[in-house]
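A.B. asks: After the structure tokens below, expect a handful of questions from me.
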Amino acid sequence: MRCSFVSCLFTRLGLLCLCLLGMTPAKAQLATLDWTVAETLIALEAPLSSAAQKDAYHDWVGEPRLPDDTADLGLRMQPNLELLAQTQPERTLISPMFAGLTPRLERIAPVTSIELYTPGSDTWDEMQSITRQLGELADRQRQAEQLIEQTQALMARLRDERPDTGPLLMIQFMDARHVRVFGDNSLYNAVLEQLELPNAWEETTNAWGFSLVGVEALARYPDATLVIVDPLPAGVEEQLEQSGLWQQLPSVRHDRMLRLPPVWSFGALPSAQRFANELVDALENAPRQALNAL
């Protein structure tokens with residue numbers, strides 16, 4: 001009991017000295033290998049000491065941008081553990097796809113796995129649930145509720161403002177002949193449901209909410225507008241310009257295409273906000289501009 005009392009006394013004296021000097025104790029730092037966790041922590045204004053593949057994050061997620069002082073841990077599947085230890089995180093946050101790294105990560109700090117896109121679950125509800133979960137872990141409960149309320153208000157506003165449109169096919173290119181088409185259990189589809197916009201793709205999707213198909217499969221939807229989400233793999237744009245298969249697709253021949261900047265297809269509420277804004281903006285401007293055929 002005496003040691004505990006002395007330890008407590010010195011802790012309080014240390015805090016008092018910091019206050020007298022006009023200083024505050026350092027905030028607990030969090031680390032993550034997962035971009036969905038990263039974007040949500042940034043939106044919650046939580047302290048993020050390190051993240052993985054910063055440049056690739058900006059290529060695929062776009063916004064919110066990672067702070068300049070966030071350390072880059074390298075590859076998500078092969079993080080720099082020495083650098084992670086140097087950042088002294090209080091906790092490392094991962095998703096189930098990085099579960100194999102847990103034993104090594106736990107040598108540095110406790111590990112918590114954040115699960116999203118669970119088969120059979122409602123994606124929109126899950127995005128709100130992980131926002132609250134991260135808010136609790138980062139001591140940002142108020143900010144988490146604000147983010148949820150802001151997102152719901154944005155969807156309601158855009159739902160009233162967006163123009164009427166026919167069915168949409170939301171795709172990302174894997175190469176010049178294959179695309180991911182997003183449907184049930186995807187972030188893109190969850191946003192379409194909130195905006196009450198039609199998704200033309202009703203085929204079975206995987207746990208991440210997409211079907212991997214050949215470009216020729218898009219010909220089965222001649223009335224759909226293609227929503228192409230960047231980034232395109234290197235060289236694909238040039239190959240599509242020379243592709244008779246692509247050029248003969250009804251949506252391409254009739255210029256029914258929208259091209260959006262990068263939005264993380266496996267993200268949470270920050271990506272949902274970004275996708276909704278970019279999509280509605282593109283739909284509103286489409287009648288007043290010639291859509292660029294790839």
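Residues in the structure tokens are named by chain (A, B, ... in the order shown) and by number from 1 within that chain; ligands are numbered from 1 in the order shown.
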Please provide as number ranges by chain all residues within 9 Å of Leu258 of chain A, with the sequence filter that same-chain residues fewer than 5 positions apart are discarded (counting only C-alpha atoms).

C.D. replies: A: 225-229, 279, 282-283, 286, 291-292

A.B. asks: How would the residues just picked look written out with all heavy atoms as an mmCIF file, in the first residue's frame?

C.D. replies:
```cif
data_model
loop_
_atom_site.group_PDB
_atom_site.id
_atom_site.type_symbol
_atom_site.label_atom_id
_atom_site.label_comp_id
_atom_site.auth_asym_id
_atom_site.auth_seq_id
_atom_site.Cartn_x
_atom_site.Cartn_y
_atom_site.Cartn_z
ATOM 1 N N THR A 225 -25.698 3.846 -66.634
ATOM 2 C CA THR A 225 -24.591 4.809 -66.658
ATOM 3 C C THR A 225 -23.437 4.211 -65.879
ATOM 4 O O THR A 225 -23.612 3.762 -64.736
ATOM 5 C CB THR A 225 -25.014 6.144 -66.017
ATOM 6 O OG1 THR A 225 -26.035 6.749 -66.813
ATOM 7 C CG2 THR A 225 -23.825 7.097 -65.916
ATOM 8 N N LEU A 226 -22.265 4.178 -66.493
ATOM 9 C CA LEU A 226 -21.082 3.655 -65.826
ATOM 10 C C LEU A 226 -20.501 4.725 -64.907
ATOM 11 O O LEU A 226 -20.254 5.850 -65.331
ATOM 12 C CB LEU A 226 -20.020 3.241 -66.844
ATOM 13 C CG LEU A 226 -20.385 2.125 -67.820
ATOM 14 C CD1 LEU A 226 -19.203 1.830 -68.741
ATOM 15 C CD2 LEU A 226 -20.810 0.868 -67.069
ATOM 16 N N VAL A 227 -20.302 4.368 -63.652
ATOM 17 C CA VAL A 227 -19.645 5.257 -62.685
ATOM 18 C C VAL A 227 -18.266 4.657 -62.435
ATOM 19 O O VAL A 227 -18.121 3.658 -61.735
ATOM 20 C CB VAL A 227 -20.449 5.353 -61.374
ATOM 21 C CG1 VAL A 227 -19.734 6.273 -60.388
ATOM 22 C CG2 VAL A 227 -21.865 5.855 -61.657
ATOM 23 N N ILE A 228 -17.251 5.261 -63.041
ATOM 24 C CA ILE A 228 -15.885 4.735 -62.991
ATOM 25 C C ILE A 228 -15.129 5.459 -61.882
ATOM 26 O O ILE A 228 -14.978 6.683 -61.924
ATOM 27 C CB ILE A 228 -15.173 4.948 -64.338
ATOM 28 C CG1 ILE A 228 -15.983 4.296 -65.462
ATOM 29 C CG2 ILE A 228 -13.752 4.387 -64.291
ATOM 30 C CD1 ILE A 228 -15.558 4.752 -66.842
ATOM 31 N N VAL A 229 -14.686 4.702 -60.887
ATOM 32 C CA VAL A 229 -14.000 5.287 -59.742
ATOM 33 C C VAL A 229 -12.493 5.090 -59.918
ATOM 34 O O VAL A 229 -12.022 3.967 -60.088
ATOM 35 C CB VAL A 229 -14.473 4.657 -58.422
ATOM 36 C CG1 VAL A 229 -13.817 5.366 -57.229
ATOM 37 C CG2 VAL A 229 -16.000 4.744 -58.301
ATOM 38 N N LEU A 279 -20.445 11.813 -56.369
ATOM 39 C CA LEU A 279 -21.431 11.236 -57.274
ATOM 40 C C LEU A 279 -22.518 12.242 -57.623
ATOM 41 O O LEU A 279 -22.867 12.422 -58.807
ATOM 42 C CB LEU A 279 -22.053 9.989 -56.647
ATOM 43 C CG LEU A 279 -23.153 9.310 -57.465
ATOM 44 C CD1 LEU A 279 -22.632 8.846 -58.813
ATOM 45 C CD2 LEU A 279 -23.764 8.144 -56.688
ATOM 46 N N ALA A 282 -21.212 14.924 -59.901
ATOM 47 C CA ALA A 282 -21.040 14.437 -61.271
ATOM 48 C C ALA A 282 -22.390 14.297 -61.972
ATOM 49 O O ALA A 282 -22.523 14.632 -63.161
ATOM 50 C CB ALA A 282 -20.306 13.097 -61.259
ATOM 51 N N LEU A 283 -23.402 13.812 -61.267
ATOM 52 C CA LEU A 283 -24.728 13.679 -61.863
ATOM 53 C C LEU A 283 -25.329 15.042 -62.206
ATOM 54 O O LEU A 283 -25.978 15.206 -63.247
ATOM 55 C CB LEU A 283 -25.661 12.934 -60.908
ATOM 56 C CG LEU A 283 -25.401 11.439 -60.718
ATOM 57 C CD1 LEU A 283 -26.239 10.895 -59.564
ATOM 58 C CD2 LEU A 283 -25.685 10.662 -62.001
ATOM 59 N N ALA A 286 -23.442 16.351 -65.324
ATOM 60 C CA ALA A 286 -23.437 15.520 -66.529
ATOM 61 C C ALA A 286 -24.231 16.103 -67.689
ATOM 62 O O ALA A 286 -23.750 16.092 -68.821
ATOM 63 C CB ALA A 286 -23.964 14.120 -66.183
ATOM 64 N N LEU A 291 -19.452 13.946 -71.458
ATOM 65 C CA LEU A 291 -18.716 13.000 -70.625
ATOM 66 C C LEU A 291 -17.595 12.400 -71.462
ATOM 67 O O LEU A 291 -17.813 11.938 -72.570
ATOM 68 C CB LEU A 291 -19.649 11.899 -70.122
ATOM 69 C CG LEU A 291 -20.789 12.388 -69.224
ATOM 70 C CD1 LEU A 291 -21.692 11.228 -68.864
ATOM 71 C CD2 LEU A 291 -20.263 13.070 -67.998
ATOM 72 N N ASN A 292 -16.398 12.421 -70.892
ATOM 73 C CA ASN A 292 -15.243 11.951 -71.631
ATOM 74 C C ASN A 292 -15.281 10.441 -71.771
ATOM 75 O O ASN A 292 -15.265 9.717 -70.800
ATOM 76 C CB ASN A 292 -13.949 12.364 -70.906
ATOM 77 C CG ASN A 292 -13.759 13.859 -70.908
ATOM 78 O OD1 ASN A 292 -14.092 14.512 -71.896
ATOM 79 N ND2 ASN A 292 -13.234 14.399 -69.832
#
```

A.B. asks: As an MDAnalysis selection string, list the residues of segment 76-262 of chain A assigned to strand (DSSP E or B) by DSSP on the backbone atoms of this structure.

C.D. replies: chainID A and resid 79 91:94 111:113 168:175 178:182 199 210:214 225:229 257:260

A.B. asks: Save the residues we just selected, N, CA, C and O atoms, as a compact mmCIF listing (two decimals), in the first residue's frame?

C.D. replies:
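Output file result.txt is given in full below:
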```txt
# COMPACT_ATOMS: atom_id res chain seq x y z
N PRO A 79 4.66 -4.46 -42.12
CA PRO A 79 5.00 -3.16 -41.53
C PRO A 79 6.39 -3.16 -40.89
O PRO A 79 6.91 -4.21 -40.49
N ARG A 91 -1.90 1.73 -28.57
CA ARG A 91 -2.65 0.60 -29.12
C ARG A 91 -2.50 0.61 -30.64
O ARG A 91 -2.41 1.67 -31.26
N THR A 92 -2.47 -0.59 -31.23
CA THR A 92 -2.44 -0.72 -32.68
C THR A 92 -3.77 -1.29 -33.13
O THR A 92 -4.25 -2.30 -32.60
N LEU A 93 -4.38 -0.63 -34.11
CA LEU A 93 -5.70 -1.03 -34.61
C LEU A 93 -5.54 -1.67 -35.98
O LEU A 93 -4.88 -1.11 -36.86
N ILE A 94 -6.16 -2.83 -36.15
CA ILE A 94 -6.09 -3.54 -37.41
C ILE A 94 -7.49 -3.98 -37.82
O ILE A 94 -8.45 -3.76 -37.08
N VAL A 111 -3.33 -4.91 -29.28
CA VAL A 111 -3.90 -4.88 -30.63
C VAL A 111 -5.42 -5.06 -30.54
O VAL A 111 -5.91 -5.91 -29.80
N THR A 112 -6.15 -4.24 -31.29
CA THR A 112 -7.59 -4.38 -31.39
C THR A 112 -7.97 -4.49 -32.85
O THR A 112 -7.51 -3.69 -33.68
N SER A 113 -8.81 -5.47 -33.17
CA SER A 113 -9.27 -5.66 -34.54
C SER A 113 -10.65 -5.03 -34.71
O SER A 113 -11.56 -5.25 -33.91
N LEU A 168 -27.38 2.75 -62.34
CA LEU A 168 -25.94 3.03 -62.31
C LEU A 168 -25.17 1.73 -62.15
O LEU A 168 -25.61 0.81 -61.47
N LEU A 169 -24.01 1.66 -62.79
CA LEU A 169 -23.06 0.56 -62.60
C LEU A 169 -21.77 1.16 -62.07
O LEU A 169 -21.10 1.92 -62.76
N MET A 170 -21.42 0.83 -60.85
CA MET A 170 -20.24 1.40 -60.20
C MET A 170 -19.08 0.43 -60.36
O MET A 170 -19.13 -0.69 -59.86
N ILE A 171 -18.02 0.88 -61.03
CA ILE A 171 -16.93 -0.03 -61.38
C ILE A 171 -15.57 0.57 -61.05
O ILE A 171 -15.40 1.79 -60.98
N GLN A 172 -14.62 -0.33 -60.81
CA GLN A 172 -13.20 0.01 -60.72
C GLN A 172 -12.44 -0.98 -61.60
O GLN A 172 -12.70 -2.18 -61.57
N PHE A 173 -11.48 -0.45 -62.37
CA PHE A 173 -10.71 -1.31 -63.28
C PHE A 173 -9.60 -2.03 -62.54
O PHE A 173 -8.85 -1.43 -61.76
N MET A 174 -9.50 -3.35 -62.80
CA MET A 174 -8.37 -4.15 -62.34
C MET A 174 -7.28 -4.19 -63.41
O MET A 174 -6.09 -4.15 -63.13
N ASP A 175 -7.71 -4.30 -64.66
CA ASP A 175 -6.86 -4.15 -65.84
C ASP A 175 -7.80 -3.78 -66.98
O ASP A 175 -8.98 -3.50 -66.75
N HIS A 178 -10.84 -6.39 -67.10
CA HIS A 178 -11.57 -6.85 -65.91
C HIS A 178 -11.89 -5.69 -64.99
O HIS A 178 -11.06 -4.78 -64.80
N VAL A 179 -13.08 -5.73 -64.41
CA VAL A 179 -13.52 -4.67 -63.49
C VAL A 179 -14.16 -5.28 -62.26
O VAL A 179 -14.68 -6.40 -62.29
N ARG A 180 -14.10 -4.52 -61.18
CA ARG A 180 -14.94 -4.80 -60.03
C ARG A 180 -16.24 -4.04 -60.22
O ARG A 180 -16.24 -2.84 -60.50
N VAL A 181 -17.37 -4.76 -60.08
CA VAL A 181 -18.68 -4.10 -60.12
C VAL A 181 -19.27 -4.21 -58.72
O VAL A 181 -19.36 -5.30 -58.16
N PHE A 182 -19.69 -3.09 -58.16
CA PHE A 182 -20.08 -3.05 -56.75
C PHE A 182 -21.59 -3.16 -56.58
O PHE A 182 -22.36 -2.47 -57.26
N ASN A 199 -29.19 0.92 -58.37
CA ASN A 199 -27.98 0.19 -58.73
C ASN A 199 -28.38 -0.90 -59.72
O ASN A 199 -29.20 -1.76 -59.41
N PHE A 210 -18.32 -6.73 -54.05
CA PHE A 210 -18.13 -6.56 -55.50
C PHE A 210 -18.07 -7.91 -56.20
O PHE A 210 -17.82 -8.95 -55.59
N SER A 211 -18.30 -7.86 -57.51
CA SER A 211 -18.13 -9.01 -58.39
C SER A 211 -16.99 -8.68 -59.34
O SER A 211 -16.95 -7.57 -59.89
N LEU A 212 -16.09 -9.61 -59.55
CA LEU A 212 -15.00 -9.42 -60.51
C LEU A 212 -15.42 -10.05 -61.83
O LEU A 212 -15.62 -11.27 -61.91
N VAL A 213 -15.59 -9.23 -62.86
CA VAL A 213 -16.11 -9.73 -64.14
C VAL A 213 -15.29 -9.16 -65.29
O VAL A 213 -14.56 -8.18 -65.15
N GLY A 214 -15.45 -9.79 -66.45
CA GLY A 214 -14.87 -9.25 -67.67
C GLY A 214 -15.66 -8.04 -68.14
O GLY A 214 -16.86 -7.91 -67.86
N THR A 225 -25.70 3.85 -66.63
CA THR A 225 -24.59 4.81 -66.66
C THR A 225 -23.44 4.21 -65.88
O THR A 225 -23.61 3.76 -64.74
N LEU A 226 -22.27 4.18 -66.49
CA LEU A 226 -21.08 3.66 -65.83
C LEU A 226 -20.50 4.73 -64.91
O LEU A 226 -20.25 5.85 -65.33
N VAL A 227 -20.30 4.37 -63.65
CA VAL A 227 -19.64 5.26 -62.69
C VAL A 227 -18.27 4.66 -62.43
O VAL A 227 -18.12 3.66 -61.73
N ILE A 228 -17.25 5.26 -63.04
CA ILE A 228 -15.88 4.74 -62.99
C ILE A 228 -15.13 5.46 -61.88
O ILE A 228 -14.98 6.68 -61.92
N VAL A 229 -14.69 4.70 -60.89
CA VAL A 229 -14.00 5.29 -59.74
C VAL A 229 -12.49 5.09 -59.92
O VAL A 229 -12.02 3.97 -60.09
N MET A 257 -21.30 7.92 -69.08
CA MET A 257 -20.23 7.59 -68.15
C MET A 257 -19.93 8.76 -67.24
O MET A 257 -20.00 9.91 -67.65
N LEU A 258 -19.61 8.43 -66.00
CA LEU A 258 -19.13 9.41 -65.03
C LEU A 258 -17.80 8.89 -64.49
O LEU A 258 -17.66 7.70 -64.22
N ARG A 259 -16.86 9.77 -64.33
CA ARG A 259 -15.57 9.36 -63.77
C ARG A 259 -15.32 10.15 -62.48
O ARG A 259 -15.32 11.38 -62.49
N LEU A 260 -15.15 9.41 -61.39
CA LEU A 260 -14.98 10.03 -60.08
C LEU A 260 -13.54 9.91 -59.60
O LEU A 260 -12.84 8.95 -59.94
```

A.B. asks: Can you tell me how far atom CA of Leu116 of chain A sits from atom CA of Gln146 of chain A, in Å to one decimal?

C.D. replies: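 One can read the atom CA of Leu116 of chain A to atom CA of Gln146 of chain A distance as 20.1 Å.
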
A.B. asks: In Å to one decimal, how far is atom CA of Gly235 of chain A from atom CA of Arg274 of chain A?

C.D. replies: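 Taking atom CA of Arg274 of chain A and atom CA of Gly235 of chain A, their separation equals 26.1 Å.
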
A.B. asks: How close does each residue of segment 120-238 of chain A get to segment 42-52 of chain A, giving the shortest atom pair and distance in Å to one decimal for every residue with an atom at most 9 Å away, counting only C-alpha atoms, sorted by chain and residue number, as JSON lines?

C.D. replies:
```
{"residue": "A:Thr131", "atom": "CA", "partner": "A:Leu44", "partner_atom": "CA", "distance": 8.7}
{"residue": "A:Leu134", "atom": "CA", "partner": "A:Leu44", "partner_atom": "CA", "distance": 8.6}
{"residue": "A:Gly135", "atom": "CA", "partner": "A:Leu44", "partner_atom": "CA", "distance": 7.2}
{"residue": "A:Ala138", "atom": "CA", "partner": "A:Ala46", "partner_atom": "CA", "distance": 6.1}
{"residue": "A:Asp139", "atom": "CA", "partner": "A:Ala46", "partner_atom": "CA", "distance": 8.0}
{"residue": "A:Arg140", "atom": "CA", "partner": "A:Leu44", "partner_atom": "CA", "distance": 6.5}
{"residue": "A:Gln141", "atom": "CA", "partner": "A:Leu44", "partner_atom": "CA", "distance": 8.7}
{"residue": "A:Arg142", "atom": "CA", "partner": "A:Leu44", "partner_atom": "CA", "distance": 8.9}
{"residue": "A:Gln143", "atom": "CA", "partner": "A:Leu44", "partner_atom": "CA", "distance": 5.4}
{"residue": "A:Ala144", "atom": "CA", "partner": "A:Leu44", "partner_atom": "CA", "distance": 6.2}
{"residue": "A:Gln146", "atom": "CA", "partner": "A:Leu44", "partner_atom": "CA", "distance": 8.8}
{"residue": "A:Leu147", "atom": "CA", "partner": "A:Leu44", "partner_atom": "CA", "distance": 7.4}
```

A.B. asks: Store the residues of this selection in a file with N, CA, C and O atoms, as a short mmCIF file (atom, residue, chain, number, x, y, z; two decimals), in the first residue's frame.

C.D. replies:
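Contents of out-v8.cif, as written:
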```cif
data_model
loop_
_atom_site.label_atom_id
_atom_site.label_comp_id
_atom_site.auth_asym_id
_atom_site.auth_seq_id
_atom_site.Cartn_x
_atom_site.Cartn_y
_atom_site.Cartn_z
N THR A 131 -17.65 3.48 -36.15
CA THR A 131 -17.36 4.88 -35.79
C THR A 131 -17.47 5.04 -34.28
O THR A 131 -16.61 5.66 -33.64
N LEU A 134 -14.50 3.14 -32.55
CA LEU A 134 -13.25 3.88 -32.62
C LEU A 134 -13.32 5.14 -31.75
O LEU A 134 -12.32 5.56 -31.17
N GLY A 135 -14.51 5.73 -31.65
CA GLY A 135 -14.67 6.88 -30.77
C GLY A 135 -14.39 6.52 -29.32
O GLY A 135 -13.75 7.30 -28.60
N ALA A 138 -10.54 5.84 -28.87
CA ALA A 138 -9.73 7.06 -28.98
C ALA A 138 -10.20 8.16 -28.04
O ALA A 138 -9.67 9.27 -28.09
N ASP A 139 -11.18 7.86 -27.19
CA ASP A 139 -11.75 8.87 -26.29
C ASP A 139 -12.29 10.05 -27.10
O ASP A 139 -12.08 11.21 -26.78
N ARG A 140 -13.01 9.71 -28.15
CA ARG A 140 -13.60 10.72 -29.04
C ARG A 140 -15.09 10.39 -29.28
O ARG A 140 -15.57 10.45 -30.39
N GLN A 141 -15.78 10.06 -28.18
CA GLN A 141 -17.18 9.67 -28.33
C GLN A 141 -18.03 10.81 -28.89
O GLN A 141 -18.91 10.58 -29.72
N ARG A 142 -17.79 12.02 -28.42
CA ARG A 142 -18.58 13.16 -28.91
C ARG A 142 -18.35 13.37 -30.40
O ARG A 142 -19.29 13.59 -31.17
N GLN A 143 -17.09 13.30 -30.82
CA GLN A 143 -16.78 13.47 -32.24
C GLN A 143 -17.38 12.36 -33.09
O GLN A 143 -17.79 12.59 -34.23
N ALA A 144 -17.44 11.14 -32.52
CA ALA A 144 -18.03 10.02 -33.26
C ALA A 144 -19.52 10.27 -33.52
O ALA A 144 -20.01 10.06 -34.64
N GLN A 146 -20.96 13.16 -33.63
CA GLN A 146 -21.06 14.27 -34.57
C GLN A 146 -20.85 13.80 -36.00
O GLN A 146 -21.55 14.23 -36.92
N LEU A 147 -19.87 12.90 -36.21
CA LEU A 147 -19.60 12.38 -37.55
C LEU A 147 -20.81 11.62 -38.08
O LEU A 147 -21.18 11.75 -39.25
#
```

A.B. asks: Please provide the set of residues having any atom within 8 Å of Leu66 of chain A, restricted to only C-alpha atoms, with same-chain residues fewer than 6 positions apart removed, written as a list of chain:residue names.

C.D. replies: A:Ala38, A:Glu39, A:Ile42, A:Lys54, A:His58

A.B. asks: When you draw a straight line from atom CA of Met155 of chain A to atom CA of Trp60 of chain A, how long is it in Å?

C.D. replies: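 Taking atom CA of Met155 of chain A and atom CA of Trp60 of chain A, their separation equals 22.5 Å.
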
A.B. asks: If we count only C-alpha atoms, what is near Trp208 of chain A at a cut-off of 9 Å, once residues fewer than 3 positions away on the same chain are taken out, given as a PDB file with C-alpha atoms, in the first residue's frame?

C.D. replies:
```
ATOM      1  CA  TYR A 117     -18.192  -5.641 -44.184  1.00  0.00           C
ATOM      2  CA  THR A 118     -19.372  -8.692 -42.300  1.00  0.00           C
ATOM      3  CA  PRO A 119     -21.385 -10.989 -44.605  1.00  0.00           C
ATOM      4  CA  PHE A 182     -20.082  -3.050 -56.746  1.00  0.00           C
ATOM      5  CA  ASP A 184     -24.762  -5.633 -52.091  1.00  0.00           C
ATOM      6  CA  ASN A 185     -22.543  -5.246 -49.010  1.00  0.00           C
ATOM      7  CA  SER A 186     -20.439  -2.472 -50.582  1.00  0.00           C
ATOM      8  CA  LEU A 187     -19.935   1.101 -49.434  1.00  0.00           C
ATOM      9  CA  THR A 205     -21.144 -10.180 -54.641  1.00  0.00           C
ATOM     10  CA  SER A 211     -18.129  -9.015 -58.387  1.00  0.00           C
ATOM     11  CA  SER A 265     -14.397   1.403 -51.753  1.00  0.00           C
ATOM     12  CA  PHE A 266     -13.815  -0.430 -48.459  1.00  0.00           C
TER      13      PHE A 266
END
```

A.B. asks: Report the residues of segment 1-186 of chain A whose backbone DSSP state falls under helix (DSSP H, G or I), written as JSON, numbers by chain.

C.D. replies: {"A": [2, 3, 4, 5, 6, 7, 8, 9, 10, 11, 12, 13, 14, 15, 16, 17, 18, 19, 20, 35, 36, 37, 38, 39, 40, 41, 42, 43, 54, 55, 56, 57, 58, 59, 60, 81, 82, 83, 84, 85, 86, 87, 96, 97, 98, 99, 100, 101, 102, 103, 104, 105, 123, 124, 125, 126, 127, 128, 129, 130, 131, 132, 133, 134, 135, 136, 137, 141, 142, 143, 144, 145, 146, 147, 148, 149, 150, 151, 152, 153, 154, 155, 156, 157, 158, 159, 160, 161]}

A.B. asks: For Ile130 of chain A, which residue among A:Glu145, A:Leu30, A:Gly183, A:Asn206 is the nearest when counting only C-alpha atoms?

C.D. replies: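 With only C-alpha atoms as the atom set, the closest residue is A:Glu145.
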
A.B. asks: Tell me which of A:Leu218, A:Leu137, A:Ala85, A:Leu240 sits closest to Leu41 of chain A, counting only C-alpha atoms.

C.D. replies: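 Looking only at the distances to Leu41 of chain A, the closest residue turns out to be A:Leu137.
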